[in-house]
Each structure stands twice: as C-alpha cells, then as structure tokens.
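Trainee: Below: one structure in structure tokens.
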Amino acid sequence: MKVLIVDDEKFCRDNLKILLSDFCPEVAEIELASNAEEAREKLSNFNPDILFLDIMMPKENGFDLLESITSKPKSIVFTTAHNEYALQAIKAEALDYLEKPINIDDLQDAVSKASKRISDMSNPNDIVR
C-alpha cells in the first residue's frame with residue numbers, strides 16, 4: 001500500500017514514517033507533506049491508498065484539505081493530539097482516528113482496516129470519490 005502522511009510537525013511526520021516502516025509490512029511506499037498545499041500536489045501525483053492526516057495545521061487544517069480535493073484516498077486516518085474532533089472525523093468518512101502519541105497496536109489496526117477496505121473493493125469504479 002501507498003501512504004501519504006500530512007503533518008506540519010516534522011517530528012510527527014518522521015515518527016509516523018518510522019512506525020509504519022517498522023511495524024506495518026503492508027505499507028510499501030511512504031510520502032510526506034508538511035501542509036495542505038503540498039498534500040494536494042502529492043495526492044494528485046502519488047495517489048496514496050491511505051492518507052494519515054493531522055487536523056491542526058497552520059493556514060488550512062485537515063478538514064479544509066479534505067473539502068478542497070475532489071478525489072479522496074481510499075482510506076483516511078486522522079492523527080491528532082486533539083480528541084475533540086472525533087465526531088467531525090466520522091462525518092468526514094475517516095476510517096480511523098489516532099491520538100498522538102500514536103500507539104503501535106492502534107496504528108497496525110488502522111492499516112489492517114485500510115488493507116481490508118482496499119481488498120474489498122473488487123472494482124476500481126466502486127470507489128467513492
């Protein structure tokens with residue numbers, strides 16, 4: 001699977017990349033973006049299966065980013081230190097919501113759910129965008 005990590009904090013991006021590389025063998029490729037503008041470019045060029053998305057970022061937050069794109073990844077996982085956005089994440093059709101610091105078991109569960117969702121999509125035309 002291909003993953004895009006969007007977070008304005010370099011430490012958080014790098015840490016999540018290490019966790020995915022070390023504990024989630026299903027993940028083959030990882031790209032990083034530090035803001036919504038960079039994320040939009042990577043979303044169109046990289047076409048990730050999973051988007052790990054921070055909520056609180058300068059200029060545009062994670063929800064703003066999602067509203068600004070027409071073609072959404074198959075699975076969206078919010079990664080945030082703010083638990084008060086869980087309901088909004090559900091309404092944004094998030095697959096999962098991970099609180100920082102990210103627990104390895106929760107991360108593996110999220111990747112496993114994404115893998116199952118992707119394998120359940122028997123026809124690419126069935127993808128909701």
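In the structure tokens, each chain is lettered A, B, ... as it comes, each chain's residues begin at 1, and ligands are numbered from 1 in order of appearance.
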Give me the residues within 9 Å of A:Ala33 as a VMD selection string, counting only C-alpha atoms and dropping any in the same chain fewer than 2 places off.

Mentor: chain A and resid 4 to 8 13 31 35 to 40 42

Trainee: Could you write out, as a PyMOL selection string, all the residues of chain A that DSSP marks as helix (DSSP H, G or I)?

Mentor: chain A and resi 10-23+36-46+62-68+83-91+104-120+124-126

Trainee: I want to know what sits within 12 Å of A:Gln88, based on only C-alpha atoms, with residues of the same chain fewer than 2 positions away left out; could you give that as a ChimeraX atom specification?

Mentor: /A:55,62-64,66,78,82-86,90-94,96-97

Trainee: Can you work out the spacing between atom CA of A:Asn47 and atom CA of A:Leu19 in Å, to one decimal?

Mentor: 21.0 Å

Trainee: May I ask which of the residues A:Glu9, A:Asp54, A:Asp49, A:Asp22 is the closest one to A:Ser119, counting only C-alpha atoms?

Mentor: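 Looking at the shortest contact to A:Ser119, the residue is A:Asp49.
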
Trainee: I want to know what sits within 12 Å of A:Val111, based on only C-alpha atoms, with residues of the same chain fewer than 6 positions away left out; could you give that as a PyMOL selection string?

Mentor: chain A and resi 1-3+19-21+23-28+49-52+74-77+95-98+104-105+117-118

Trainee: Can you tell me how far atom CA of A:Cys12 sits from atom CA of A:Glu99, in Å to one decimal?

Mentor: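 Spanning atom CA of A:Cys12 to atom CA of A:Glu99 is a straight-line distance of 11.6 Å.
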
Trainee: Compile the contact shell of A:Lys100 as an NGL selection string: residues with an atom at most 8 Å away, counting only C-alpha atoms, same-chain residues fewer than 6 positions apart removed.

Mentor: :A and (79-81)

Trainee: Just to be explicit: take each residue in the selection above, keep all heavy atoms, and write the result as a PDB file, in the first residue's frame.

Mentor:
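Done, and the output landed in out.pdb:
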```pdb
ATOM      1  N   THR A  79      -4.682  11.769  12.448  1.00  0.00           N
ATOM      2  CA  THR A  79      -3.678  11.632  13.506  1.00  0.00           C
ATOM      3  C   THR A  79      -3.591  12.986  14.188  1.00  0.00           C
ATOM      4  O   THR A  79      -3.216  13.977  13.565  1.00  0.00           O
ATOM      5  CB  THR A  79      -2.307  11.239  12.932  1.00  0.00           C
ATOM      6  OG1 THR A  79      -1.903  12.204  11.971  1.00  0.00           O
ATOM      7  CG2 THR A  79      -2.364   9.860  12.292  1.00  0.00           C
ATOM      8  N   THR A  80      -3.968  13.040  15.455  1.00  0.00           N
ATOM      9  CA  THR A  80      -4.059  14.330  16.127  1.00  0.00           C
ATOM     10  C   THR A  80      -3.881  14.191  17.632  1.00  0.00           C
ATOM     11  O   THR A  80      -4.098  13.115  18.186  1.00  0.00           O
ATOM     12  CB  THR A  80      -5.411  14.994  15.811  1.00  0.00           C
ATOM     13  OG1 THR A  80      -5.456  16.290  16.402  1.00  0.00           O
ATOM     14  CG2 THR A  80      -6.576  14.151  16.299  1.00  0.00           C
ATOM     15  N   ALA A  81      -3.495  15.274  18.252  1.00  0.00           N
ATOM     16  CA  ALA A  81      -3.405  15.321  19.710  1.00  0.00           C
ATOM     17  C   ALA A  81      -4.712  15.832  20.312  1.00  0.00           C
ATOM     18  O   ALA A  81      -4.837  15.954  21.514  1.00  0.00           O
ATOM     19  CB  ALA A  81      -2.247  16.225  20.126  1.00  0.00           C
TER      20      ALA A  81
END
```

Trainee: Hey, what does DSSP flag as strand (DSSP E) within chain A? Can you give it to me as a PDB file with all heavy atoms, in the first residue's frame?

Mentor:
```pdb
ATOM      1  N   LYS A   2       0.325   2.295  -0.559  1.00  0.00           N
ATOM      2  CA  LYS A   2       0.993   3.587  -0.599  1.00  0.00           C
ATOM      3  C   LYS A   2       0.349   4.510   0.430  1.00  0.00           C
ATOM      4  O   LYS A   2      -0.878   4.548   0.548  1.00  0.00           O
ATOM      5  CB  LYS A   2       0.874   4.185  -1.993  1.00  0.00           C
ATOM      6  CG  LYS A   2       1.624   3.389  -3.033  1.00  0.00           C
ATOM      7  CD  LYS A   2       1.358   3.755  -4.464  1.00  0.00           C
ATOM      8  CE  LYS A   2       1.060   5.163  -4.775  1.00  0.00           C
ATOM      9  NZ  LYS A   2       0.957   5.453  -6.211  1.00  0.00           N
ATOM     10  N   VAL A   3       1.209   5.261   1.160  1.00  0.00           N
ATOM     11  CA  VAL A   3       0.741   6.099   2.256  1.00  0.00           C
ATOM     12  C   VAL A   3       1.259   7.524   2.067  1.00  0.00           C
ATOM     13  O   VAL A   3       2.416   7.725   1.701  1.00  0.00           O
ATOM     14  CB  VAL A   3       1.255   5.543   3.613  1.00  0.00           C
ATOM     15  CG1 VAL A   3       1.073   6.545   4.727  1.00  0.00           C
ATOM     16  CG2 VAL A   3       0.572   4.228   3.953  1.00  0.00           C
ATOM     17  N   LEU A   4       0.389   8.488   2.352  1.00  0.00           N
ATOM     18  CA  LEU A   4       0.791   9.885   2.429  1.00  0.00           C
ATOM     19  C   LEU A   4       0.545  10.356   3.858  1.00  0.00           C
ATOM     20  O   LEU A   4      -0.569  10.224   4.372  1.00  0.00           O
ATOM     21  CB  LEU A   4       0.009  10.759   1.446  1.00  0.00           C
ATOM     22  CG  LEU A   4       0.258  12.265   1.539  1.00  0.00           C
ATOM     23  CD1 LEU A   4       1.732  12.605   1.275  1.00  0.00           C
ATOM     24  CD2 LEU A   4      -0.650  13.022   0.579  1.00  0.00           C
ATOM     25  N   ILE A   5       1.584  10.894   4.484  1.00  0.00           N
ATOM     26  CA  ILE A   5       1.496  11.448   5.831  1.00  0.00           C
ATOM     27  C   ILE A   5       1.502  12.966   5.708  1.00  0.00           C
ATOM     28  O   ILE A   5       2.437  13.531   5.135  1.00  0.00           O
ATOM     29  CB  ILE A   5       2.684  10.995   6.704  1.00  0.00           C
ATOM     30  CG1 ILE A   5       2.703   9.472   6.831  1.00  0.00           C
ATOM     31  CG2 ILE A   5       2.630  11.671   8.076  1.00  0.00           C
ATOM     32  CD1 ILE A   5       3.990   8.922   7.441  1.00  0.00           C
ATOM     33  N   VAL A   6       0.471  13.613   6.243  1.00  0.00           N
ATOM     34  CA  VAL A   6       0.385  15.076   6.209  1.00  0.00           C
ATOM     35  C   VAL A   6       0.360  15.587   7.641  1.00  0.00           C
ATOM     36  O   VAL A   6      -0.577  15.297   8.396  1.00  0.00           O
ATOM     37  CB  VAL A   6      -0.876  15.552   5.458  1.00  0.00           C
ATOM     38  CG1 VAL A   6      -0.906  17.078   5.401  1.00  0.00           C
ATOM     39  CG2 VAL A   6      -0.947  14.952   4.072  1.00  0.00           C
ATOM     40  N   GLU A  29       5.191   2.096   0.181  1.00  0.00           N
ATOM     41  CA  GLU A  29       5.712   3.417  -0.163  1.00  0.00           C
ATOM     42  C   GLU A  29       5.117   4.464   0.771  1.00  0.00           C
ATOM     43  O   GLU A  29       3.922   4.422   1.073  1.00  0.00           O
ATOM     44  CB  GLU A  29       5.344   3.794  -1.592  1.00  0.00           C
ATOM     45  CG  GLU A  29       5.955   2.917  -2.663  1.00  0.00           C
ATOM     46  CD  GLU A  29       5.509   3.361  -4.043  1.00  0.00           C
ATOM     47  OE1 GLU A  29       5.802   4.517  -4.420  1.00  0.00           O
ATOM     48  OE2 GLU A  29       4.842   2.556  -4.715  1.00  0.00           O
ATOM     49  N   ILE A  30       5.964   5.417   1.188  1.00  0.00           N
ATOM     50  CA  ILE A  30       5.516   6.476   2.076  1.00  0.00           C
ATOM     51  C   ILE A  30       6.014   7.819   1.538  1.00  0.00           C
ATOM     52  O   ILE A  30       7.196   7.974   1.249  1.00  0.00           O
ATOM     53  CB  ILE A  30       6.051   6.273   3.516  1.00  0.00           C
ATOM     54  CG1 ILE A  30       5.602   4.922   4.075  1.00  0.00           C
ATOM     55  CG2 ILE A  30       5.587   7.424   4.417  1.00  0.00           C
ATOM     56  CD1 ILE A  30       6.250   4.558   5.404  1.00  0.00           C
ATOM     57  N   GLU A  31       5.091   8.758   1.411  1.00  0.00           N
ATOM     58  CA  GLU A  31       5.421  10.135   1.040  1.00  0.00           C
ATOM     59  C   GLU A  31       5.009  11.038   2.196  1.00  0.00           C
ATOM     60  O   GLU A  31       4.094  10.702   2.964  1.00  0.00           O
ATOM     61  CB  GLU A  31       4.682  10.557  -0.227  1.00  0.00           C
ATOM     62  CG  GLU A  31       5.185   9.895  -1.483  1.00  0.00           C
ATOM     63  CD  GLU A  31       6.477  10.517  -2.005  1.00  0.00           C
ATOM     64  OE1 GLU A  31       6.708  11.720  -1.783  1.00  0.00           O
ATOM     65  OE2 GLU A  31       7.249   9.781  -2.639  1.00  0.00           O
ATOM     66  N   LEU A  32       5.669  12.192   2.300  1.00  0.00           N
ATOM     67  CA  LEU A  32       5.409  13.131   3.382  1.00  0.00           C
ATOM     68  C   LEU A  32       5.020  14.491   2.829  1.00  0.00           C
ATOM     69  O   LEU A  32       5.535  14.915   1.793  1.00  0.00           O
ATOM     70  CB  LEU A  32       6.660  13.292   4.254  1.00  0.00           C
ATOM     71  CG  LEU A  32       7.292  12.018   4.810  1.00  0.00           C
ATOM     72  CD1 LEU A  32       8.599  12.343   5.519  1.00  0.00           C
ATOM     73  CD2 LEU A  32       6.344  11.306   5.746  1.00  0.00           C
ATOM     74  N   ALA A  33       4.117  15.183   3.535  1.00  0.00           N
ATOM     75  CA  ALA A  33       3.749  16.557   3.204  1.00  0.00           C
ATOM     76  C   ALA A  33       3.634  17.341   4.501  1.00  0.00           C
ATOM     77  O   ALA A  33       3.126  16.824   5.504  1.00  0.00           O
ATOM     78  CB  ALA A  33       2.432  16.590   2.445  1.00  0.00           C
ATOM     79  N   ILE A  50      -3.724   5.225   1.588  1.00  0.00           N
ATOM     80  CA  ILE A  50      -4.066   5.719   2.921  1.00  0.00           C
ATOM     81  C   ILE A  50      -3.507   7.133   3.086  1.00  0.00           C
ATOM     82  O   ILE A  50      -2.342   7.387   2.768  1.00  0.00           O
ATOM     83  CB  ILE A  50      -3.478   4.838   4.045  1.00  0.00           C
ATOM     84  CG1 ILE A  50      -3.824   3.366   3.855  1.00  0.00           C
ATOM     85  CG2 ILE A  50      -3.981   5.313   5.416  1.00  0.00           C
ATOM     86  CD1 ILE A  50      -3.126   2.445   4.839  1.00  0.00           C
ATOM     87  N   LEU A  51      -4.333   8.006   3.607  1.00  0.00           N
ATOM     88  CA  LEU A  51      -3.914   9.352   3.963  1.00  0.00           C
ATOM     89  C   LEU A  51      -3.930   9.456   5.482  1.00  0.00           C
ATOM     90  O   LEU A  51      -4.988   9.325   6.099  1.00  0.00           O
ATOM     91  CB  LEU A  51      -4.871  10.385   3.353  1.00  0.00           C
ATOM     92  CG  LEU A  51      -4.687  11.839   3.772  1.00  0.00           C
ATOM     93  CD1 LEU A  51      -3.319  12.358   3.336  1.00  0.00           C
ATOM     94  CD2 LEU A  51      -5.805  12.701   3.201  1.00  0.00           C
ATOM     95  N   PHE A  52      -2.747   9.635   6.079  1.00  0.00           N
ATOM     96  CA  PHE A  52      -2.648   9.917   7.509  1.00  0.00           C
ATOM     97  C   PHE A  52      -2.610  11.430   7.622  1.00  0.00           C
ATOM     98  O   PHE A  52      -1.680  12.080   7.139  1.00  0.00           O
ATOM     99  CB  PHE A  52      -1.394   9.290   8.121  1.00  0.00           C
ATOM    100  CG  PHE A  52      -1.521   7.812   8.331  1.00  0.00           C
ATOM    101  CD1 PHE A  52      -1.095   6.921   7.362  1.00  0.00           C
ATOM    102  CD2 PHE A  52      -2.074   7.303   9.494  1.00  0.00           C
ATOM    103  CE1 PHE A  52      -1.208   5.555   7.546  1.00  0.00           C
ATOM    104  CE2 PHE A  52      -2.204   5.933   9.686  1.00  0.00           C
ATOM    105  CZ  PHE A  52      -1.761   5.057   8.708  1.00  0.00           C
ATOM    106  N   LEU A  53      -3.627  12.009   8.259  1.00  0.00           N
ATOM    107  CA  LEU A  53      -3.853  13.444   8.189  1.00  0.00           C
ATOM    108  C   LEU A  53      -3.969  14.076   9.570  1.00  0.00           C
ATOM    109  O   LEU A  53      -4.841  13.713  10.364  1.00  0.00           O
ATOM    110  CB  LEU A  53      -5.139  13.696   7.388  1.00  0.00           C
ATOM    111  CG  LEU A  53      -5.577  15.119   7.141  1.00  0.00           C
ATOM    112  CD1 LEU A  53      -4.497  15.910   6.405  1.00  0.00           C
ATOM    113  CD2 LEU A  53      -6.875  15.118   6.347  1.00  0.00           C
ATOM    114  N   SER A  75      -8.656   5.379   2.002  1.00  0.00           N
ATOM    115  CA  SER A  75      -8.762   5.373   3.458  1.00  0.00           C
ATOM    116  C   SER A  75      -8.119   6.633   4.030  1.00  0.00           C
ATOM    117  O   SER A  75      -7.000   6.985   3.658  1.00  0.00           O
ATOM    118  CB  SER A  75      -8.067   4.146   4.043  1.00  0.00           C
ATOM    119  OG  SER A  75      -8.683   2.961   3.585  1.00  0.00           O
ATOM    120  N   ILE A  76      -8.837   7.273   4.961  1.00  0.00           N
ATOM    121  CA  ILE A  76      -8.334   8.466   5.629  1.00  0.00           C
ATOM    122  C   ILE A  76      -8.256   8.162   7.121  1.00  0.00           C
ATOM    123  O   ILE A  76      -9.235   7.725   7.723  1.00  0.00           O
ATOM    124  CB  ILE A  76      -9.258   9.669   5.393  1.00  0.00           C
ATOM    125  CG1 ILE A  76      -9.338   9.970   3.893  1.00  0.00           C
ATOM    126  CG2 ILE A  76      -8.779  10.890   6.185  1.00  0.00           C
ATOM    127  CD1 ILE A  76     -10.478  10.875   3.502  1.00  0.00           C
ATOM    128  N   VAL A  77      -7.069   8.383   7.686  1.00  0.00           N
ATOM    129  CA  VAL A  77      -6.853   8.166   9.110  1.00  0.00           C
ATOM    130  C   VAL A  77      -6.370   9.487   9.696  1.00  0.00           C
ATOM    131  O   VAL A  77      -5.308   9.985   9.311  1.00  0.00           O
ATOM    132  CB  VAL A  77      -5.819   7.049   9.375  1.00  0.00           C
ATOM    133  CG1 VAL A  77      -5.564   6.894  10.864  1.00  0.00           C
ATOM    134  CG2 VAL A  77      -6.281   5.729   8.767  1.00  0.00           C
ATOM    135  N   PHE A  78      -7.150  10.061  10.595  1.00  0.00           N
ATOM    136  CA  PHE A  78      -6.720  11.290  11.251  1.00  0.00           C
ATOM    137  C   PHE A  78      -5.722  10.961  12.355  1.00  0.00           C
ATOM    138  O   PHE A  78      -5.890   9.978  13.086  1.00  0.00           O
ATOM    139  CB  PHE A  78      -7.923  12.039  11.830  1.00  0.00           C
ATOM    140  CG  PHE A  78      -8.712  12.776  10.794  1.00  0.00           C
ATOM    141  CD1 PHE A  78      -9.886  12.243  10.306  1.00  0.00           C
ATOM    142  CD2 PHE A  78      -8.277  13.992  10.297  1.00  0.00           C
ATOM    143  CE1 PHE A  78     -10.620  12.912   9.344  1.00  0.00           C
ATOM    144  CE2 PHE A  78      -8.996  14.662   9.325  1.00  0.00           C
ATOM    145  CZ  PHE A  78     -10.176  14.122   8.849  1.00  0.00           C
ATOM    146  N   THR A  79      -4.682  11.769  12.448  1.00  0.00           N
ATOM    147  CA  THR A  79      -3.678  11.632  13.506  1.00  0.00           C
ATOM    148  C   THR A  79      -3.591  12.986  14.188  1.00  0.00           C
ATOM    149  O   THR A  79      -3.216  13.977  13.565  1.00  0.00           O
ATOM    150  CB  THR A  79      -2.307  11.239  12.932  1.00  0.00           C
ATOM    151  OG1 THR A  79      -1.903  12.204  11.971  1.00  0.00           O
ATOM    152  CG2 THR A  79      -2.364   9.860  12.292  1.00  0.00           C
ATOM    153  N   THR A  80      -3.968  13.040  15.455  1.00  0.00           N
ATOM    154  CA  THR A  80      -4.059  14.330  16.127  1.00  0.00           C
ATOM    155  C   THR A  80      -3.881  14.191  17.632  1.00  0.00           C
ATOM    156  O   THR A  80      -4.098  13.115  18.186  1.00  0.00           O
ATOM    157  CB  THR A  80      -5.411  14.994  15.811  1.00  0.00           C
ATOM    158  OG1 THR A  80      -5.456  16.290  16.402  1.00  0.00           O
ATOM    159  CG2 THR A  80      -6.576  14.151  16.299  1.00  0.00           C
ATOM    160  N   ASP A  96     -10.287   5.827  10.519  1.00  0.00           N
ATOM    161  CA  ASP A  96      -9.839   5.734  11.900  1.00  0.00           C
ATOM    162  C   ASP A  96      -9.397   7.095  12.393  1.00  0.00           C
ATOM    163  O   ASP A  96      -9.254   8.040  11.612  1.00  0.00           O
ATOM    164  CB  ASP A  96      -8.694   4.723  12.027  1.00  0.00           C
ATOM    165  CG  ASP A  96      -8.724   3.955  13.342  1.00  0.00           C
ATOM    166  OD1 ASP A  96      -9.157   4.521  14.369  1.00  0.00           O
ATOM    167  OD2 ASP A  96      -8.315   2.781  13.355  1.00  0.00           O
ATOM    168  N   TYR A  97      -9.166   7.168  13.701  1.00  0.00           N
ATOM    169  CA  TYR A  97      -8.806   8.413  14.376  1.00  0.00           C
ATOM    170  C   TYR A  97      -7.788   8.043  15.440  1.00  0.00           C
ATOM    171  O   TYR A  97      -8.132   7.406  16.423  1.00  0.00           O
ATOM    172  CB  TYR A  97     -10.081   8.990  15.003  1.00  0.00           C
ATOM    173  CG  TYR A  97      -9.972  10.365  15.593  1.00  0.00           C
ATOM    174  CD1 TYR A  97     -10.272  11.478  14.825  1.00  0.00           C
ATOM    175  CD2 TYR A  97      -9.616  10.556  16.920  1.00  0.00           C
ATOM    176  CE1 TYR A  97     -10.219  12.753  15.358  1.00  0.00           C
ATOM    177  CE2 TYR A  97      -9.553  11.832  17.462  1.00  0.00           C
ATOM    178  CZ  TYR A  97      -9.860  12.922  16.683  1.00  0.00           C
ATOM    179  OH  TYR A  97      -9.804  14.187  17.209  1.00  0.00           O
ATOM    180  N   LEU A  98      -6.525   8.382  15.207  1.00  0.00           N
ATOM    181  CA  LEU A  98      -5.453   8.014  16.126  1.00  0.00           C
ATOM    182  C   LEU A  98      -4.969   9.239  16.889  1.00  0.00           C
ATOM    183  O   LEU A  98      -4.651  10.261  16.289  1.00  0.00           O
ATOM    184  CB  LEU A  98      -4.282   7.394  15.364  1.00  0.00           C
ATOM    185  CG  LEU A  98      -4.600   6.186  14.487  1.00  0.00           C
ATOM    186  CD1 LEU A  98      -3.340   5.724  13.765  1.00  0.00           C
ATOM    187  CD2 LEU A  98      -5.200   5.062  15.306  1.00  0.00           C
ATOM    188  N   GLU A  99      -4.926   9.106  18.206  1.00  0.00           N
ATOM    189  CA  GLU A  99      -4.434  10.212  19.023  1.00  0.00           C
ATOM    190  C   GLU A  99      -2.934  10.096  19.218  1.00  0.00           C
ATOM    191  O   GLU A  99      -2.403   9.006  19.404  1.00  0.00           O
ATOM    192  CB  GLU A  99      -5.141  10.219  20.376  1.00  0.00           C
ATOM    193  CG  GLU A  99      -6.571  10.712  20.294  1.00  0.00           C
ATOM    194  CD  GLU A  99      -7.186  10.924  21.648  1.00  0.00           C
ATOM    195  OE1 GLU A  99      -6.634  11.713  22.446  1.00  0.00           O
ATOM    196  OE2 GLU A  99      -8.216  10.294  21.922  1.00  0.00           O
TER     197      GLU A  99
END
```

Trainee: Kindly indicate which residue among A:Asp109, A:Ser34, A:Asp14, A:Asn103 lies nearest to A:Pro58, using only C-alpha atoms for the distances.

Mentor: A:Ser34
